[in-house]
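The file data.txt comes next; it holds compact mmCIF, C-alpha atoms and all ligand atoms.
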# COMPACT_ATOMS: atom_id res chain seq x y z
CA MET X 1 -87.41 -130.87 36.94
CA GLU X 2 -87.85 -131.61 33.24
CA ASN X 3 -89.25 -128.31 32.12
CA ALA X 4 -89.88 -125.86 34.90
CA ASN X 5 -87.26 -124.63 37.32
CA LEU X 6 -87.80 -125.33 40.99
CA LYS X 7 -88.31 -122.10 42.91
CA LEU X 8 -88.11 -121.80 46.69
CA HIS X 9 -88.78 -118.83 48.93
CA TYR X 10 -87.74 -118.26 52.55
CA ASN X 11 -88.19 -115.53 55.13
CA VAL X 12 -85.27 -115.11 57.49
CA ASP X 13 -86.27 -113.69 60.87
CA LYS X 14 -84.34 -110.81 62.28
CA LYS X 15 -81.97 -111.50 65.13
CA ASP X 16 -83.04 -115.14 65.29
CA PHE X 17 -79.59 -116.62 65.66
CA ILE X 18 -80.92 -120.00 66.85
CA ASN X 19 -82.73 -120.67 63.57
CA ALA X 20 -80.34 -118.90 61.21
CA GLY X 21 -79.21 -121.37 58.58
CA GLU X 22 -82.47 -123.30 58.34
CA ALA X 23 -83.14 -122.02 54.82
CA SER X 24 -79.70 -123.22 53.70
CA SER X 25 -80.27 -126.58 55.41
CA SER X 26 -83.59 -126.93 53.64
CA VAL X 27 -82.08 -126.14 50.24
CA LYS X 28 -79.32 -128.65 50.88
CA LYS X 29 -81.91 -131.34 51.58
CA VAL X 30 -83.87 -130.48 48.44
CA LEU X 31 -80.71 -130.66 46.30
CA ARG X 32 -79.84 -134.04 47.79
CA LYS X 33 -83.32 -135.34 46.94
CA LEU X 34 -82.87 -134.09 43.39
CA GLY X 35 -79.64 -136.04 43.19
CA VAL X 36 -77.46 -133.05 42.37
CA ASN X 37 -73.67 -133.63 42.41
CA PRO X 38 -72.54 -133.64 46.09
CA GLU X 39 -69.69 -131.20 45.54
CA CYS X 40 -72.08 -128.68 43.98
CA ILE X 41 -74.43 -129.13 46.89
CA ARG X 42 -71.68 -128.52 49.39
CA ASN X 43 -70.37 -125.44 47.58
CA LEU X 44 -73.84 -123.94 47.39
CA ALA X 45 -74.68 -124.87 50.99
CA ILE X 46 -71.54 -123.23 52.39
CA ALA X 47 -71.96 -120.05 50.32
CA MET X 48 -75.66 -119.69 51.08
CA TYR X 49 -75.18 -120.44 54.78
CA GLU X 50 -72.50 -117.72 55.10
CA ALA X 51 -74.82 -115.23 53.42
CA GLU X 52 -77.80 -116.29 55.52
CA ILE X 53 -75.80 -115.90 58.75
CA ASN X 54 -74.68 -112.44 57.57
CA MET X 55 -78.33 -111.43 57.09
CA VAL X 56 -79.03 -112.29 60.70
CA ILE X 57 -75.92 -110.95 62.41
CA HIS X 58 -75.31 -107.82 60.31
CA ALA X 59 -78.79 -106.95 59.03
CA ASN X 60 -82.35 -107.57 60.22
CA GLY X 61 -83.08 -110.77 58.39
CA GLY X 62 -84.79 -110.61 55.02
CA THR X 63 -85.90 -112.86 52.21
CA ILE X 64 -84.19 -115.57 50.18
CA ASP X 65 -85.22 -116.76 46.73
CA VAL X 66 -83.75 -119.91 45.25
CA ASP X 67 -84.09 -120.95 41.64
CA ILE X 68 -82.89 -124.44 40.72
CA SER X 69 -82.53 -125.32 37.06
CA PRO X 70 -80.74 -128.31 35.54
CA GLU X 71 -77.77 -126.04 34.79
CA CYS X 72 -77.39 -124.03 37.96
CA ILE X 73 -78.57 -123.00 41.39
CA HIS X 74 -79.25 -119.30 41.75
CA VAL X 75 -79.81 -117.74 45.19
CA VAL X 76 -80.80 -114.13 45.93
CA LEU X 77 -80.66 -112.93 49.53
CA SER X 78 -82.17 -109.49 50.18
CA ASP X 79 -82.17 -107.62 53.45
CA SER X 80 -83.19 -104.15 54.54
CA GLY X 81 -80.31 -103.79 56.96
CA PRO X 82 -77.74 -101.00 57.30
CA GLY X 83 -75.98 -101.73 54.00
CA ILE X 84 -72.26 -102.20 53.37
CA PRO X 85 -70.34 -98.90 53.01
CA ASP X 86 -67.32 -100.34 51.17
CA ILE X 87 -67.98 -103.67 49.49
CA GLN X 88 -64.41 -104.10 48.27
CA ARG X 89 -63.14 -103.73 51.80
CA ALA X 90 -65.81 -106.07 53.18
CA MET X 91 -64.64 -108.69 50.67
CA GLN X 92 -61.15 -108.75 52.20
CA GLU X 93 -60.24 -111.73 54.38
CA GLY X 94 -60.29 -110.75 58.03
CA TYR X 95 -62.36 -107.60 57.63
CA SER X 96 -65.26 -107.67 60.08
CA THR X 97 -67.35 -105.16 61.98
CA ALA X 98 -68.77 -107.90 64.20
CA GLY X 99 -68.65 -107.29 67.94
CA ASP X 100 -67.70 -109.60 70.79
CA ASN X 101 -71.29 -110.85 71.05
CA VAL X 102 -71.03 -112.27 67.53
CA ARG X 103 -67.57 -113.77 68.19
CA GLU X 104 -68.89 -115.55 71.27
CA LEU X 105 -71.34 -117.28 68.95
CA GLY X 106 -68.47 -118.56 66.79
CA PHE X 107 -68.64 -116.03 63.94
CA GLY X 108 -67.11 -112.69 63.02
CA ALA X 109 -63.71 -113.62 61.62
CA GLY X 110 -64.29 -111.68 58.42
CA MET X 111 -64.09 -114.84 56.32
CA GLY X 112 -67.70 -115.11 55.13
CA LEU X 113 -67.75 -112.97 52.00
CA PRO X 114 -64.38 -114.24 50.68
CA ASN X 115 -65.64 -117.75 51.36
CA ILE X 116 -68.83 -117.14 49.38
CA LYS X 117 -66.67 -115.98 46.50
CA LYS X 118 -64.51 -119.09 46.77
CA TYR X 119 -67.42 -121.52 46.72
CA SER X 120 -69.64 -119.85 44.12
CA ASP X 121 -69.26 -119.57 40.36
CA ASP X 122 -70.69 -116.08 40.40
CA LEU X 123 -71.22 -113.56 43.21
CA LYS X 124 -72.88 -110.16 42.96
CA ILE X 125 -73.32 -107.83 45.90
CA THR X 126 -75.29 -104.61 45.71
CA SER X 127 -75.78 -102.44 48.73
CA GLU X 128 -77.11 -99.04 49.66
CA ILE X 129 -76.47 -97.42 53.02
CA GLY X 130 -79.62 -97.35 55.14
CA VAL X 131 -81.59 -99.27 52.51
CA GLY X 132 -80.16 -102.77 52.46
CA THR X 133 -78.00 -105.36 50.78
CA THR X 134 -78.64 -107.93 48.08
CA VAL X 135 -76.30 -110.88 47.66
CA GLU X 136 -76.67 -113.00 44.56
CA ILE X 137 -74.94 -116.38 44.40
CA LYS X 138 -74.73 -118.76 41.47
CA VAL X 139 -73.34 -122.28 41.47
CA ASN X 140 -73.22 -124.18 38.19
CA ILE X 141 -74.23 -127.82 37.97
CA PRO X 142 -71.87 -129.75 35.69
CA SER X 143 -73.77 -131.81 33.11
CA MET O 1 -60.98 -144.38 61.89
CA LYS O 2 -64.41 -145.48 63.02
CA ILE O 3 -66.34 -143.06 65.22
CA SER O 4 -66.58 -145.89 67.75
CA VAL O 5 -62.77 -145.79 68.02
CA VAL O 6 -62.84 -142.00 68.47
CA LYS O 7 -65.28 -142.60 71.28
CA GLU O 8 -62.93 -145.11 72.94
CA ILE O 9 -59.81 -142.96 72.61
CA LEU O 10 -61.53 -139.93 74.11
CA ASN O 11 -63.45 -141.96 76.66
CA ALA O 12 -66.46 -140.15 75.27
CA GLU O 13 -70.16 -140.42 75.86
CA VAL O 14 -72.51 -140.76 72.89
CA ILE O 15 -75.21 -138.08 73.06
CA CYS O 16 -76.90 -139.01 69.79
CA GLY O 17 -76.27 -141.04 66.66
CA GLU O 18 -75.43 -144.30 68.48
CA GLU O 19 -76.56 -146.21 65.36
CA LEU O 20 -74.01 -144.37 63.18
CA LEU O 21 -70.83 -145.19 65.13
CA ASP O 22 -69.54 -147.50 62.39
CA GLU O 23 -69.07 -144.48 60.10
CA GLU O 24 -65.45 -143.73 59.24
CA VAL O 25 -63.57 -140.43 59.38
CA PHE O 26 -60.06 -139.85 58.06
CA SER O 27 -59.32 -136.41 59.32
CA ALA O 28 -60.53 -133.96 61.97
CA CYS O 29 -60.62 -130.29 62.88
CA GLY O 30 -60.50 -128.72 66.35
CA CYS O 31 -61.98 -125.23 66.46
CA ASP O 32 -64.28 -122.92 68.40
CA LEU O 33 -64.73 -120.46 65.55
CA MET O 34 -67.28 -121.64 62.98
CA SER O 35 -66.11 -118.91 60.57
CA ASP O 36 -62.77 -120.73 60.37
CA VAL O 37 -64.36 -124.16 60.03
CA LEU O 38 -66.38 -122.87 57.06
CA ALA O 39 -63.36 -121.21 55.51
CA PHE O 40 -60.59 -123.76 56.06
CA VAL O 41 -62.06 -127.23 56.44
CA LYS O 42 -61.86 -129.41 53.34
CA ASN O 43 -62.66 -133.04 53.91
CA GLN O 44 -62.48 -133.36 57.66
CA GLY O 45 -65.30 -135.58 58.83
CA LEU O 46 -64.99 -134.80 62.52
CA LEU O 47 -65.32 -131.50 64.38
CA LEU O 48 -64.02 -131.08 67.92
CA THR O 49 -65.25 -127.92 69.61
CA GLY O 50 -65.97 -126.17 72.88
CA LEU O 51 -68.66 -123.99 71.32
CA ASN O 52 -72.18 -124.98 72.29
CA ASN O 53 -74.91 -123.64 70.01
CA PRO O 54 -77.03 -124.91 67.10
CA GLN O 55 -74.77 -123.29 64.50
CA VAL O 56 -72.12 -125.90 65.34
CA VAL O 57 -74.49 -128.58 64.03
CA ARG O 58 -75.49 -126.51 60.99
CA THR O 59 -71.85 -125.82 60.17
CA ALA O 60 -71.06 -129.55 60.38
CA PHE O 61 -74.09 -130.35 58.22
CA MET O 62 -73.12 -127.79 55.55
CA MET O 63 -69.56 -129.16 55.47
CA ASP O 64 -70.75 -132.79 55.24
CA MET O 65 -69.03 -133.59 58.54
CA LYS O 66 -70.21 -136.75 60.23
CA ALA O 67 -69.63 -136.13 63.91
CA ILE O 68 -69.08 -133.45 66.53
CA VAL O 69 -67.15 -133.96 69.76
CA PHE O 70 -67.95 -131.47 72.52
CA VAL O 71 -64.86 -131.07 74.70
CA ARG O 72 -64.26 -130.01 78.31
CA GLY O 73 -67.28 -131.97 79.52
CA LYS O 74 -69.75 -129.56 77.93
CA ASN O 75 -73.30 -130.80 77.77
CA PRO O 76 -74.79 -129.73 74.46
CA ASP O 77 -78.09 -127.84 74.77
CA ASP O 78 -81.29 -129.65 73.99
CA GLU O 79 -81.88 -127.71 70.78
CA VAL O 80 -78.38 -128.71 69.65
CA ILE O 81 -79.17 -132.38 70.21
CA GLN O 82 -82.57 -132.19 68.49
CA LEU O 83 -81.03 -130.52 65.46
CA ALA O 84 -78.23 -133.12 65.27
CA LYS O 85 -80.79 -135.93 65.32
CA LEU O 86 -82.69 -134.30 62.45
CA LYS O 87 -79.52 -133.94 60.41
CA ASP O 88 -77.99 -137.33 61.22
CA VAL O 89 -74.94 -135.77 62.84
CA ILE O 90 -73.34 -137.86 65.59
CA ILE O 91 -72.65 -136.08 68.88
CA LEU O 92 -70.06 -137.20 71.41
CA LYS O 93 -68.99 -135.56 74.63
CA THR O 94 -65.63 -135.89 76.36
CA ASP O 95 -64.00 -134.43 79.48
CA GLU O 96 -60.76 -133.91 77.53
CA ARG O 97 -59.76 -130.36 76.60
CA LEU O 98 -59.66 -129.39 72.94
CA TYR O 99 -55.87 -129.57 72.79
CA SER O 100 -55.50 -132.96 74.44
CA ALA O 101 -58.45 -134.46 72.57
CA CYS O 102 -56.95 -133.41 69.22
CA GLY O 103 -53.51 -134.64 70.32
CA LYS O 104 -54.78 -138.09 71.25
CA LEU O 105 -56.66 -138.55 67.99
CA TYR O 106 -53.72 -137.25 65.96
CA SER O 107 -51.34 -139.70 67.65
CA ALA O 108 -53.78 -142.48 66.85
CA GLY O 109 -53.57 -141.67 63.15
CA LEU O 110 -56.40 -139.24 62.55
CA ILE O 111 -54.83 -136.36 60.65
N1 LIG W 1 -75.96 -108.41 54.83
C1 LIG W 1 -75.09 -107.52 55.34
N2 LIG W 1 -75.54 -106.31 55.78
C2 LIG W 1 -74.67 -105.40 56.27
N3 LIG W 1 -73.35 -105.61 56.40
C3 LIG W 1 -72.85 -106.78 55.99
C4 LIG W 1 -73.69 -107.80 55.44
N4 LIG W 1 -72.91 -108.85 55.09
C5 LIG W 1 -71.65 -108.51 55.41
N5 LIG W 1 -71.60 -107.28 55.95
C6 LIG W 1 -70.39 -106.52 56.38
O1 LIG W 1 -69.25 -107.08 55.74
C7 LIG W 1 -68.33 -107.54 56.76
C8 LIG W 1 -67.61 -108.78 56.26
O2 LIG W 1 -68.54 -109.87 56.14
P1 LIG W 1 -68.00 -111.37 56.27
O3 LIG W 1 -69.14 -112.29 56.14
O4 LIG W 1 -66.86 -111.52 55.32
O5 LIG W 1 -67.40 -111.41 57.75
P2 LIG W 1 -68.15 -111.51 59.14
O6 LIG W 1 -69.58 -111.87 58.92
O7 LIG W 1 -67.90 -110.27 59.90
O8 LIG W 1 -67.39 -112.73 59.84
P3 LIG W 1 -67.53 -114.30 59.42
O9 LIG W 1 -68.30 -114.36 58.14
O10 LIG W 1 -66.13 -114.80 59.28
O11 LIG W 1 -68.26 -114.95 60.53
C9 LIG W 1 -69.15 -107.74 57.99
O12 LIG W 1 -68.41 -107.68 59.19
C10 LIG W 1 -70.16 -106.59 57.89
O13 LIG W 1 -69.57 -105.37 58.27
MG MG W 2 -70.10 -113.50 57.69

Go ahead and render the structure in this file as structure tokens.
Amino acid sequence: MENANLKLHYNVDKKDFINAGEASSSVKKVLRKLGVNPECIRNLAIAMYEAEINMVIHANGGTIDVDISPECIHVVLSDSGPGIPDIQRAMQEGYSTAGDNVRELGFGAGMGLPNIKKYSDDLKITSEIGVGTTVEIKVNIPS
Amino acid sequence: MKISVVKEILNAEVICGEELLDEEVFSACGCDLMSDVLAFVKNQGLLLTGLNNPQVVRTAFMMDMKAIVFVRGKNPDDEVIQLAKLKDVIILKTDERLYSACGKLYSAGLI
């Protein structure tokens, strides 16, 4: 960790609800091994997990790139799903387009995106209808 | 409160994590909606739920929760148990309903 950043890459399978969240689990384990501050780890883990679940339930899976430096953890989740028509609206607590099938699995309360915002130091969402969505999350590591 | 005491109060069966029952929790959360657990839980170490899928374990792991109690006599699926073992999450199972299980633990001092 002295000089180079640690970079991790994951593929998230489409519609694989059983395994959704494994990338976030793996990053959490890596951060623990690196001895990163536990609160930072938890904040990042929650934010990344919400975004990873969204990729599976709202899009068709995609890729995740994680870049860990001594100062921060930077995660980029890209999918080629349907896109988000109105990001501002999607950011509102309680707004969800999830169906009953998703609710039966324990998700779909419309709390994910606001929660990512709450737990990250920086959140950027870019989306194009029919092309896909990119969610960028940054959590700072206090020195 | 030690997890072993939770087990006694709920007359629960230990599905995995027997060796971790000395761990302590101070507060708990009863919920079937993981979205809400992720959004509202702060430092609750124990999750009581009727939902039976691997995301329950992942949610607990992300939130640094120590144990999950499956209520209403639900037997967790095998993949749920395997995942919990990998992540050192304790799993208990009780015949109590969510409401009564939470009530009993609350009365015993778990907030
Ligand atoms: N990657 C994505 N691709 C397409 N749409 C998305 C994506 N992520 C979020 N959305 C849209 O934004 C809405 C709000 O997302 P958010 O994560 O806040 O709630 P949710 O996933 O519906 O429920 P919860 O996160 O509480 O389980 C979703 O219902 C969906 O319409
Ligand atoms: Mg979501």

Please report as a CSV table (one decimal) with C-alpha atoms, in the coordinates of the input which residues of chain O come no farther than 6 Å from chain X, using all atoms listed in the file.
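Result went into result-v2.csv, see below:
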chain,number,residue,atom,x,y,z
O,33,LEU,CA,-64.7,-120.5,65.6
O,34,MET,CA,-67.3,-121.6,63.0
O,35,SER,CA,-66.1,-118.9,60.6
O,39,ALA,CA,-63.4,-121.2,55.5
O,62,MET,CA,-73.1,-127.8,55.6

TODO: Could you tell me how far atom O11 of ligand LIG 1 (chain W) lies from CA of His58 in chain X, in Å and to one decimal?
DONE: 10.0 Å

TODO: Tell me, in Å to one decimal, how far CA of Ser4 in chain O is from CA of Gly50 in chain O.
DONE: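 Between CA of Ser4 in chain O and CA of Gly50 in chain O the gap works out to 20.4 Å.
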
- [ ] Kindly indicate which residue among X:Val56, X:Ile141, X:Ile125, X:Val66 lies nearest to ligand MG 2 (chain W), using only C-alpha atoms and all ligand atoms for the distances.
- [x]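 That would be X:Val56, the residue with the smallest distance to ligand MG 2 (chain W).
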
Open item on the list: Report as JSON, numbers by chain all protein, DNA and RNA residues lying within 10 Å of Val5 in chain O, evaluated on only C-alpha atoms, omitting residues in the same chain fewer than 3 positions from it.
Closed with: {"O": [1, 2, 8, 9, 10, 11, 12, 21, 22, 24, 105, 108]}

What does the file look like for those residues with C-alpha atoms, as a PDB file, in the coordinates of the input?
ATOM      1  CA  MET O   1     -60.980-144.380  61.890  1.00  0.00           C
ATOM      2  CA  LYS O   2     -64.410-145.480  63.020  1.00  0.00           C
ATOM      3  CA  GLU O   8     -62.930-145.110  72.940  1.00  0.00           C
ATOM      4  CA  ILE O   9     -59.810-142.960  72.610  1.00  0.00           C
ATOM      5  CA  LEU O  10     -61.530-139.930  74.110  1.00  0.00           C
ATOM      6  CA  ASN O  11     -63.450-141.960  76.660  1.00  0.00           C
ATOM      7  CA  ALA O  12     -66.460-140.150  75.270  1.00  0.00           C
ATOM      8  CA  LEU O  21     -70.830-145.190  65.130  1.00  0.00           C
ATOM      9  CA  ASP O  22     -69.540-147.500  62.390  1.00  0.00           C
ATOM     10  CA  GLU O  24     -65.450-143.730  59.240  1.00  0.00           C
ATOM     11  CA  LEU O 105     -56.660-138.550  67.990  1.00  0.00           C
ATOM     12  CA  ALA O 108     -53.780-142.480  66.850  1.00  0.00           C
TER      13      ALA O 108
END

Task: Interatomic distance, CA of Val14 in chain O to CA of Asp64 in chain O (Å, one decimal) - done: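 According to the coordinates, CA of Val14 in chain O and CA of Asp64 in chain O are separated by 19.4 Å.
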
Task: Minimum-distance residue to Arg58 in chain O, chosen among O:Lys85, O:Arg97, O:Lys104, O:Arg72 (using all atoms listed in the file) - done: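 Looking at the shortest contact to Arg58 in chain O, the residue is O:Lys85.
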
Task: Top pick for closest residue to Cys102 in chain O, considering O:Leu38, O:Leu48, O:Asn43, O:Glu18 and counting all atoms listed in the file - done: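 For Cys102 in chain O, the nearest of the given residues is O:Leu48.
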
Task: Point (-61.7, -135.2, 73.1) neighbourhood (6 Å, all atoms listed in the file) written as a VMD selection string - done: chain O and resid 10 71 94 96 101

Padded axis-aligned box of ligand LIG 1 (chain W) (4 Å per side), centre and edge lengths, Å, one decimal, as AutoDock Vina command-line options:
--center_x -71.0 --center_y -110.2 --center_z 57.7 --size_x 17.8 --size_y 17.6 --size_z 13.7
